[in-house]
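A.B. asks: So that you have it, the file is query-v4.cif, and it contains mmCIF, C-alpha atoms:
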data_run
loop_
_atom_site.group_PDB
_atom_site.id
_atom_site.type_symbol
_atom_site.label_atom_id
_atom_site.label_comp_id
_atom_site.auth_asym_id
_atom_site.auth_seq_id
_atom_site.Cartn_x
_atom_site.Cartn_y
_atom_site.Cartn_z
ATOM 1 C CA MET A 1148 124.920 90.686 103.517
ATOM 2 C CA PRO A 1149 121.563 89.381 104.806
ATOM 3 C CA LEU A 1150 121.703 86.370 102.492
ATOM 4 C CA LEU A 1151 125.115 85.388 103.854
ATOM 5 C CA LEU A 1152 123.856 86.011 107.371
ATOM 6 C CA ALA A 1153 120.889 83.744 106.738
ATOM 7 C CA GLU A 1154 123.199 80.937 105.563
ATOM 8 C CA ALA A 1155 125.268 81.251 108.736
ATOM 9 C CA LEU A 1156 122.179 81.223 110.908
ATOM 10 C CA LEU A 1157 120.885 78.178 109.088
ATOM 11 C CA CYS A 1158 123.940 76.237 110.230
ATOM 12 C CA ALA A 1159 123.862 77.643 113.750
ATOM 13 C CA ALA A 1160 120.205 76.827 114.268
ATOM 14 C CA SER A 1161 120.894 73.078 114.060
ATOM 15 C CA ALA A 1162 123.354 73.084 116.943
ATOM 16 C CA ALA A 1163 120.985 72.199 119.788
ATOM 17 C CA PRO A 1164 118.052 69.771 120.058
ATOM 18 C CA GLN A 1165 114.621 71.284 120.714
ATOM 19 C CA THR A 1166 111.944 69.976 123.091
ATOM 20 C CA SER A 1167 109.012 72.175 122.085
ATOM 21 C CA LEU A 1168 107.910 74.378 119.242
ATOM 22 C CA SER A 1169 108.308 77.475 121.380
ATOM 23 C CA ALA A 1170 111.834 76.408 122.331
ATOM 24 C CA ALA A 1171 112.708 75.727 118.697
ATOM 25 C CA MET A 1172 111.486 79.123 117.579
ATOM 26 C CA SER A 1173 113.083 80.952 120.516
ATOM 27 C CA ALA A 1174 116.428 79.298 119.822
ATOM 28 C CA ALA A 1175 116.302 80.263 116.142
ATOM 29 C CA VAL A 1176 115.397 83.872 116.934
ATOM 30 C CA SER A 1177 117.989 84.201 119.710
ATOM 31 C CA ARG A 1178 120.798 83.259 117.312
ATOM 32 C CA MET A 1179 119.924 86.023 114.895
ATOM 33 C CA SER A 1180 122.089 89.123 114.950
ATOM 34 C CA ALA A 1181 120.576 92.306 116.318
ATOM 35 C CA GLU A 1182 119.452 93.844 113.054
ATOM 36 C CA PRO A 1183 117.497 97.022 113.868
ATOM 37 C CA GLY A 1184 113.851 96.023 113.689
ATOM 38 C CA ALA A 1185 111.682 93.182 114.950
ATOM 39 C CA ILE A 1186 111.185 89.429 114.591
ATOM 40 C CA VAL A 1187 108.000 87.761 115.818
ATOM 41 C CA VAL A 1188 106.881 84.138 115.473
ATOM 42 C CA GLN A 1189 103.260 83.373 116.244
ATOM 43 C CA ASP A 1190 101.238 80.190 116.678
ATOM 44 C CA VAL A 1191 98.567 80.281 113.991
ATOM 45 C CA ALA A 1192 95.863 78.373 115.872
ATOM 46 C CA SER A 1193 96.045 80.162 119.217
ATOM 47 C CA GLY A 1194 97.635 83.461 118.250
ATOM 48 C CA SER A 1195 100.155 83.154 121.064
ATOM 49 C CA ILE A 1196 103.642 84.536 120.467
ATOM 50 C CA LEU A 1197 106.179 81.711 120.356
ATOM 51 C CA ALA A 1198 109.296 83.871 120.073
ATOM 52 C CA ALA A 1199 110.129 87.522 119.560
ATOM 53 C CA ARG A 1200 112.906 90.026 119.360
ATOM 54 C CA GLY A 1201 112.073 93.726 119.374
ATOM 55 C CA LEU A 1202 108.462 93.124 120.415
ATOM 56 C CA ASP A 1203 108.174 96.733 121.576
ATOM 57 C CA ILE A 1204 109.128 97.882 118.067
ATOM 58 C CA ALA A 1205 106.666 95.438 116.517
ATOM 59 C CA ALA A 1206 103.896 96.765 118.743
ATOM 60 C CA ARG A 1207 104.579 100.497 118.517
ATOM 61 C CA ARG A 1208 106.354 101.336 115.273
ATOM 62 C CA LEU A 1209 104.070 102.676 112.556
ATOM 63 C CA ASP A 1210 105.317 102.369 108.984
ATOM 64 C CA ARG A 1211 104.047 101.949 105.470
ATOM 65 C CA PRO A 1212 103.636 98.239 104.717
ATOM 66 C CA GLY A 1213 104.450 98.354 101.003
ATOM 67 C CA SER A 1214 103.576 95.335 98.887
ATOM 68 C CA THR A 1215 102.508 93.186 101.835
ATOM 69 C CA LEU A 1216 99.016 94.672 101.258
ATOM 70 C CA LYS A 1217 98.607 93.267 97.753
ATOM 71 C CA PRO A 1218 96.995 89.953 98.844
ATOM 72 C CA PHE A 1219 94.248 91.834 100.690
ATOM 73 C CA VAL A 1220 93.500 93.995 97.652
ATOM 74 C CA LEU A 1221 93.217 90.980 95.365
ATOM 75 C CA MET A 1222 91.219 89.027 97.955
ATOM 76 C CA ALA A 1223 88.616 91.823 98.060
ATOM 77 C CA LEU A 1224 88.383 91.870 94.275
ATOM 78 C CA LEU A 1225 88.115 88.097 93.964
ATOM 79 C CA GLU A 1226 85.460 87.831 96.659
ATOM 80 C CA SER A 1227 83.372 90.552 95.011
ATOM 81 C CA GLY A 1228 83.621 88.893 91.606
ATOM 82 C CA ARG A 1229 85.338 91.894 90.044
ATOM 83 C CA LEU A 1230 88.527 90.067 89.119
ATOM 84 C CA ASP A 1231 89.018 87.160 86.759
ATOM 85 C CA PRO A 1232 92.124 85.474 88.221
ATOM 86 C CA GLU A 1233 93.160 84.217 84.782
ATOM 87 C CA GLN A 1234 93.004 87.627 83.077
ATOM 88 C CA ARG A 1235 96.494 88.745 82.076
ATOM 89 C CA ILE A 1236 97.844 92.273 82.061
ATOM 90 C CA VAL A 1237 100.987 93.307 80.225
ATOM 91 C CA CYS A 1238 103.624 94.751 82.565
ATOM 92 C CA ARG A 1239 106.360 96.913 81.072
ATOM 93 C CA ARG A 1240 107.903 97.427 84.536
ATOM 94 C CA THR A 1241 108.041 101.229 84.358
ATOM 95 C CA LEU A 1242 105.229 102.856 86.320
ATOM 96 C CA THR A 1243 104.484 106.360 87.564
ATOM 97 C CA ILE A 1244 101.432 107.100 89.713
ATOM 98 C CA GLY A 1245 100.607 110.717 90.491
ATOM 99 C CA GLY A 1246 104.209 111.741 89.990
ATOM 100 C CA THR A 1247 105.570 108.909 92.146
ATOM 101 C CA ARG A 1248 107.802 106.298 90.498
ATOM 102 C CA MET A 1249 106.574 102.793 91.346
ATOM 103 C CA ASP A 1250 108.513 100.715 88.822
ATOM 104 C CA CYS A 1251 108.186 96.944 89.094
ATOM 105 C CA THR A 1252 111.327 95.095 90.169
ATOM 106 C CA HIS A 1253 110.459 91.581 89.005
ATOM 107 C CA PRO A 1254 112.479 90.043 86.138
ATOM 108 C CA ALA A 1255 111.970 91.657 82.760
ATOM 109 C CA ASP A 1256 110.854 88.393 81.154
ATOM 110 C CA VAL A 1257 107.867 88.285 83.531
ATOM 111 C CA SER A 1258 105.565 90.405 81.395
ATOM 112 C CA GLN A 1259 102.204 88.621 81.111
ATOM 113 C CA ILE A 1260 100.768 88.814 84.629
ATOM 114 C CA ASP A 1261 97.672 87.146 86.069
ATOM 115 C CA ALA A 1262 96.441 87.414 89.665
ATOM 116 C CA GLU A 1263 98.548 84.562 91.050
ATOM 117 C CA ALA A 1264 101.701 85.850 89.353
ATOM 118 C CA ALA A 1265 100.953 89.384 90.546
ATOM 119 C CA ILE A 1266 101.388 88.202 94.116
ATOM 120 C CA ALA A 1267 104.325 85.905 93.408
ATOM 121 C CA TRP A 1268 106.241 88.595 91.516
ATOM 122 C CA SER A 1269 104.766 91.566 93.403
ATOM 123 C CA CYS A 1270 103.689 93.359 90.239
ATOM 124 C CA ASN A 1271 102.842 97.004 90.922
ATOM 125 C CA THR A 1272 101.411 97.488 87.439
ATOM 126 C CA TYR A 1273 98.869 94.691 87.797
ATOM 127 C CA VAL A 1274 97.726 95.537 91.311
ATOM 128 C CA SER A 1275 97.507 99.292 90.762
ATOM 129 C CA GLU A 1276 95.383 98.747 87.640
ATOM 130 C CA VAL A 1277 92.905 96.239 89.064
ATOM 131 C CA ALA A 1278 92.649 98.113 92.389
ATOM 132 C CA THR A 1279 90.703 100.860 90.629
ATOM 133 C CA ARG A 1280 87.772 98.443 90.414
ATOM 134 C CA LEU A 1281 87.325 99.072 94.138
ATOM 135 C CA SER A 1282 85.927 102.327 95.465
ATOM 136 C CA ALA A 1283 87.983 104.280 97.987
ATOM 137 C CA ARG A 1284 85.693 103.113 100.806
ATOM 138 C CA GLU A 1285 85.869 99.504 99.663
ATOM 139 C CA LEU A 1286 89.664 99.588 99.716
ATOM 140 C CA VAL A 1287 89.704 101.050 103.214
ATOM 141 C CA GLN A 1288 87.142 98.469 104.326
ATOM 142 C CA ALA A 1289 89.289 95.626 102.966
ATOM 143 C CA PHE A 1290 92.234 96.802 105.038
ATOM 144 C CA ARG A 1291 90.094 97.307 108.131
ATOM 145 C CA LYS A 1292 88.593 93.840 107.705
ATOM 146 C CA ALA A 1293 92.147 92.494 107.811
ATOM 147 C CA GLY A 1294 92.685 94.314 111.120
ATOM 148 C CA LEU A 1295 95.329 96.729 109.888
ATOM 149 C CA ASP A 1296 94.072 99.526 112.132
ATOM 150 C CA SER A 1297 93.233 97.367 115.153
ATOM 151 C CA PRO A 1298 95.574 96.608 118.081
ATOM 152 C CA THR A 1299 96.161 92.880 118.431
ATOM 153 C CA GLY A 1300 96.229 92.574 122.213
ATOM 154 C CA ARG A 1301 99.507 90.644 121.967
ATOM 155 C CA ALA A 1302 101.634 93.341 123.607
ATOM 156 C CA SER A 1303 101.235 96.264 125.973
ATOM 157 C CA ASN A 1304 100.957 99.867 124.847
ATOM 158 C CA GLU A 1305 100.313 98.984 121.210
ATOM 159 C CA ALA A 1306 100.062 101.724 118.639
ATOM 160 C CA THR A 1307 97.120 101.728 116.239
ATOM 161 C CA GLY A 1308 97.483 101.714 112.472
ATOM 162 C CA THR A 1309 95.961 104.431 110.332
ATOM 163 C CA ILE A 1310 94.146 104.056 107.009
ATOM 164 C CA SER A 1311 93.257 107.171 105.035
ATOM 165 C CA LEU A 1312 90.383 107.490 102.599
ATOM 166 C CA PRO A 1313 91.814 108.099 99.103
ATOM 167 C CA ALA A 1314 90.540 111.269 97.445
ATOM 168 C CA ASN A 1315 91.408 110.345 93.871
ATOM 169 C CA ARG A 1316 92.560 107.531 91.593
ATOM 170 C CA SER A 1317 96.283 108.089 92.234
ATOM 171 C CA GLU A 1318 95.884 107.986 95.998
ATOM 172 C CA LEU A 1319 93.796 104.816 95.736
ATOM 173 C CA GLN A 1320 96.449 103.116 93.602
ATOM 174 C CA LEU A 1321 99.302 104.158 95.882
ATOM 175 C CA GLU A 1322 97.383 103.031 98.954
ATOM 176 C CA ALA A 1323 96.718 99.646 97.329
ATOM 177 C CA LEU A 1324 100.508 99.355 96.956
ATOM 178 C CA GLY A 1325 101.057 100.268 100.605
ATOM 179 C CA SER A 1326 102.953 103.434 99.702
ATOM 180 C CA TRP A 1327 100.469 106.141 100.666
ATOM 181 C CA GLY A 1328 97.745 106.691 103.224
ATOM 182 C CA VAL A 1329 98.295 103.596 105.339
ATOM 183 C CA GLU A 1330 100.622 102.912 108.242
ATOM 184 C CA VAL A 1331 100.549 99.772 110.371
ATOM 185 C CA THR A 1332 102.495 98.252 113.198
ATOM 186 C CA PRO A 1333 104.451 95.098 112.352
ATOM 187 C CA LEU A 1334 102.320 93.278 114.928
ATOM 188 C CA GLU A 1335 99.082 94.318 113.185
ATOM 189 C CA LEU A 1336 100.515 93.108 109.879
ATOM 190 C CA LEU A 1337 101.490 89.766 111.406
ATOM 191 C CA GLU A 1338 98.000 89.330 112.855
ATOM 192 C CA ALA A 1339 96.477 90.037 109.436
ATOM 193 C CA TYR A 1340 98.595 87.273 107.911
ATOM 194 C CA ARG A 1341 97.779 84.926 110.783
ATOM 195 C CA LYS A 1342 94.125 85.376 109.843
ATOM 196 C CA LEU A 1343 95.027 84.543 106.242
ATOM 197 C CA ALA A 1344 96.806 81.440 107.523
ATOM 198 C CA LEU A 1345 93.691 80.423 109.460
ATOM 199 C CA ARG A 1346 91.639 80.808 106.305
ATOM 200 C CA ARG A 1347 94.155 78.617 104.482
ATOM 201 C CA ARG A 1348 93.787 75.911 107.135
ATOM 202 C CA GLU A 1349 90.012 75.917 106.722
ATOM 203 C CA TRP A 1350 89.927 76.417 102.948
ATOM 204 C CA ARG A 1351 88.321 73.772 100.763
ATOM 205 C CA SER A 1352 87.312 75.766 97.694
ATOM 206 C CA GLY A 1353 86.691 79.330 96.616
ATOM 207 C CA PRO A 1354 88.312 82.362 95.004
ATOM 208 C CA GLU A 1355 90.910 82.793 97.742
ATOM 209 C CA ALA A 1356 92.797 79.851 96.202
ATOM 210 C CA THR A 1357 94.514 82.369 93.909
ATOM 211 C CA VAL A 1358 95.847 84.372 96.846
ATOM 212 C CA PHE A 1359 97.067 81.296 98.711
ATOM 213 C CA ALA A 1360 98.800 79.979 95.592
ATOM 214 C CA GLY A 1361 100.432 83.350 94.906
ATOM 215 C CA LEU A 1362 101.834 83.546 98.427
ATOM 216 C CA ALA A 1363 103.264 80.033 98.134
ATOM 217 C CA ASP A 1364 104.712 80.856 94.717
ATOM 218 C CA SER A 1365 106.318 84.004 96.103
ATOM 219 C CA VAL A 1366 108.452 81.909 98.442
ATOM 220 C CA ALA A 1367 108.934 79.001 96.029
ATOM 221 C CA TYR A 1368 110.350 81.086 93.170
ATOM 222 C CA GLY A 1369 109.147 84.699 93.368
ATOM 223 C CA MET A 1370 110.144 87.860 95.186
ATOM 224 C CA ALA A 1371 110.219 86.154 98.619
ATOM 225 C CA HIS A 1372 112.353 83.224 97.424
ATOM 226 C CA ALA A 1373 115.105 84.099 99.921
ATOM 227 C CA ALA A 1374 112.807 82.681 102.640
ATOM 228 C CA SER A 1375 112.515 79.234 101.028
ATOM 229 C CA VAL A 1376 113.903 76.055 102.537
ATOM 230 C CA ALA A 1377 114.422 72.785 100.706
ATOM 231 C CA ASP A 1378 112.472 70.470 102.985
ATOM 232 C CA MET A 1379 109.255 72.437 103.572
ATOM 233 C CA SER A 1380 106.888 74.704 101.647
ATOM 234 C CA ALA A 1381 106.164 78.136 103.062
ATOM 235 C CA ALA A 1382 104.103 81.100 101.915
ATOM 236 C CA GLY A 1383 104.591 84.812 102.357
ATOM 237 C CA LYS A 1384 105.088 88.263 100.950
ATOM 238 C CA THR A 1385 107.788 90.894 100.977
ATOM 239 C CA GLY A 1386 107.286 94.629 101.208
ATOM 240 C CA THR A 1387 109.637 97.573 100.758
ATOM 241 C CA ALA A 1388 108.625 101.174 101.406
ATOM 242 C CA SER A 1389 109.932 104.474 102.671
ATOM 243 C CA SER A 1390 108.446 106.588 105.434
ATOM 244 C CA GLU A 1391 106.734 109.873 104.687
ATOM 245 C CA ASP A 1392 109.620 111.837 106.185
ATOM 246 C CA SER A 1393 112.506 109.701 104.889
ATOM 247 C CA LEU A 1394 113.756 108.302 101.591
ATOM 248 C CA ARG A 1395 115.460 105.439 103.420
ATOM 249 C CA SER A 1396 113.593 102.187 102.857
ATOM 250 C CA HIS A 1397 112.431 99.647 105.410
ATOM 251 C CA GLY A 1398 111.631 96.028 104.640
ATOM 252 C CA PHE A 1399 109.005 93.478 105.650
ATOM 253 C CA PHE A 1400 108.572 89.778 105.247
ATOM 254 C CA VAL A 1401 105.417 88.231 106.617
ATOM 255 C CA GLY A 1402 104.221 84.706 105.988
ATOM 256 C CA TYR A 1403 103.397 81.286 107.335
ATOM 257 C CA ALA A 1404 104.348 77.614 107.180
ATOM 258 C CA PRO A 1405 103.654 74.974 106.106
ATOM 259 C CA ALA A 1406 102.036 76.562 103.080
ATOM 260 C CA ASP A 1407 99.161 74.067 102.847
ATOM 261 C CA ARG A 1408 98.307 73.804 106.566
ATOM 262 C CA PRO A 1409 99.954 76.677 108.457
ATOM 263 C CA GLU A 1410 101.062 76.258 112.051
ATOM 264 C CA ILE A 1411 103.388 79.246 112.484
ATOM 265 C CA ALA A 1412 103.273 82.814 111.213
ATOM 266 C CA VAL A 1413 106.489 84.826 110.912
ATOM 267 C CA LEU A 1414 107.137 88.564 110.775
ATOM 268 C CA ILE A 1415 110.473 90.155 109.964
ATOM 269 C CA TYR A 1416 110.695 93.950 110.035
ATOM 270 C CA LEU A 1417 113.937 95.697 109.124
ATOM 271 C CA GLU A 1418 114.202 99.387 109.938
ATOM 272 C CA ASN A 1419 116.775 99.730 107.171
ATOM 273 C CA GLY A 1420 116.618 97.422 104.194
ATOM 274 C CA ARG A 1421 114.365 95.791 101.646
ATOM 275 C CA GLY A 1422 111.742 93.112 101.655
ATOM 276 C CA MET A 1423 114.119 90.563 100.127
ATOM 277 C CA ASP A 1424 116.543 91.196 102.996
ATOM 278 C CA ALA A 1425 113.756 90.508 105.480
ATOM 279 C CA ALA A 1426 112.823 87.319 103.608
ATOM 280 C CA ALA A 1427 116.383 86.045 103.938
ATOM 281 C CA LEU A 1428 116.124 86.388 107.708
ATOM 282 C CA ALA A 1429 112.907 84.361 107.751
ATOM 283 C CA ARG A 1430 114.693 81.394 106.211
ATOM 284 C CA PRO A 1431 116.485 80.097 109.347
ATOM 285 C CA ILE A 1432 113.218 80.316 111.285
ATOM 286 C CA PHE A 1433 111.394 78.211 108.698
ATOM 287 C CA SER A 1434 114.339 75.803 108.651
ATOM 288 C CA ALA A 1435 114.263 75.432 112.436
ATOM 289 C CA TYR A 1436 110.534 74.752 112.276
ATOM 290 C CA ALA A 1437 111.029 72.109 109.575
ATOM 291 C CA ARG A 1438 113.654 70.352 111.715
ATOM 292 C CA TYR A 1439 111.342 70.476 114.711
ATOM 293 C CA LYS A 1440 108.632 68.749 112.696
ATOM 294 C CA ARG A 1441 111.042 66.199 111.197
ATOM 295 C CA PRO A 1442 113.946 65.777 113.623
#
I'd like the structure from this file rewritten - as structure tokens, please.
C.D. replies:
Amino acid sequence: MPLLLAEALLCAASAAPQTSLSAAMSAAVSRMSAEPGAIVVQDVASGSILAARGLDIAARRLDRPGSTLKPFVLMALLESGRLDPEQRIVCRRTLTIGGTRMDCTHPADVSQIDAEAAIAWSCNTYVSEVATRLSARELVQAFRKAGLDSPTGRASNEATGTISLPANRSELQLEALGSWGVEVTPLELLEAYRKLALRRREWRSGPEATVFAGLADSVAYGMAHAASVADMSAAGKTGTASSEDSLRSHGFFVGYAPADRPEIAVLIYLENGRGMDAAALARPIFSAYARYKRP
């Protein structure tokens, strides 16, 4: 249903002319049906919130972020020189970590995975294997550096994310996949990606190129493809996880646009659903932004 909903919203969003970026984003968000969760659009340069629905949920709900953490894991490895971005790992899609099934959901013919493809196709096998090159403290530090346990100051009465120190290899791998030991607010996750977007704006060269390319690929043809629009490139990542006390999954999409020089960052959080469902709801927002830039 979310894909059909996104198509309907795409048509509805073109109904009225916009006079400002904030108005364009607010109009797109206001037309979206009241899916349980949160939608937040942020200005990358200033950090100001351009439009939001469910801001209280975005500021106070703590949940596991799932695969949205993978770029931060690979960024830490690339910056420390412990990951060759061109090294390929064979993925057979079936994966169990410490008794927890973490099977990959990318297409079966995607089997030779390098760092860029690991982000684009959200490969659990690749990320869980290379993550063990980090110590438990280094993994925690990478997430703290991203601000995943720091209130953003963008809303009142914000909750604070929690990041546990893994005690063994299995816990480290599951935490790197956002499925154990870490809970964040949607607003903290959005701020972390806004910082990535700022780095992309300033980037000229360096190892982070692999992460930026993987995020753009994810929207162009990978697991976040439901967020893509024909007339503009965007970048982002999906995440699906379940809470500690529930088997029901929640979904995230978080990303930015344009992919090469970001101006907006977008967060979709669905209390019930999957990351691909959240990505579909990001599509009309990116489309409204593209029309604002090229009326």
A.B. asks: Enumerate, as a ChimeraX atom specification, the residues matched when the PyMOL selection byres ((chain A and resi 1197-1204) around 7) is run on the file above.
C.D. replies: /A:1169,1172-1173,1176,1184-1190,1195-1196,1205-1208
A.B. asks: What is the distance between CA of Leu1242 in chain A and CA of Ser1275 in chain A, in Å to one decimal?
C.D. replies: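 Rounded to one decimal, the two atoms are 9.6 Å apart.
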A.B. asks: Can you translate the PyMOL selection byres ((chain A and resi 1241) around 12) into the concrete residues it hits in this file, as a PyMOL selection string?
C.D. replies: chain A and resi 1237-1240+1242-1244+1247-1253+1255+1258+1270-1273
A.B. asks: If the PyMOL selection byres ((chain A and resi 1357) around 12) is run on the structure shown, which residues does it catch, given as JSON, numbers by chain?
C.D. replies: {"A": [1218, 1219, 1221, 1222, 1223, 1224, 1225, 1226, 1230, 1231, 1232, 1233, 1261, 1262, 1263, 1264, 1265, 1266, 1267, 1347, 1350, 1352, 1353, 1354, 1355, 1356, 1358, 1359, 1360, 1361, 1362, 1363, 1364]}
A.B. asks: Kindly indicate which residue among A:Ala1427, A:Ala1374, A:Leu1414, A:Ala1314 lies nearest to Trp1327 in chain A, using all atoms listed in the file for the distances.
C.D. replies: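 Looking only at the distances to Trp1327 in chain A, the closest residue turns out to be A:Ala1314.
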A.B. asks: Applying 12 Å and all atoms listed in the file, which residues near Gly1245 in chain A remain after dropping the ones on its own chain fewer than 5 positions away? List them as a ChimeraX atom specification.
C.D. replies: /A:1275,1315-1322,1326-1327
A.B. asks: Find the distance between CA of Ile1432 in chain A and CA of Ser1303 in chain A and write it in Å to one decimal.
C.D. replies: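 One can read the CA of Ile1432 in chain A to CA of Ser1303 in chain A distance as 24.8 Å.
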A.B. asks: Nearest to Met1423 in chain A: which of A:Ala1283, A:Ala1435, A:Ala1306, A:Val1401 is it, counting only C-alpha atoms?
C.D. replies: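 Of all the options, A:Val1401 lies closest to Met1423 in chain A.
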A.B. asks: How many Å separate CA of Asp1407 in chain A from CA of Glu1285 in chain A?
C.D. replies: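 So the two atoms, CA of Asp1407 in chain A and CA of Glu1285 in chain A, lie 28.9 Å apart.
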A.B. asks: Would you compute the box with edges along x, y and z of the file around range 1163-1182 of chain A, including every atom the file lists for it and 4 Å extra on each side, and give its centre and edge lengths in Å to one decimal, as AutoDock Vina command-line options?
C.D. replies:
--center_x 115.0 --center_y 81.8 --center_z 118.1 --size_x 22.2 --size_y 32.1 --size_z 18.0
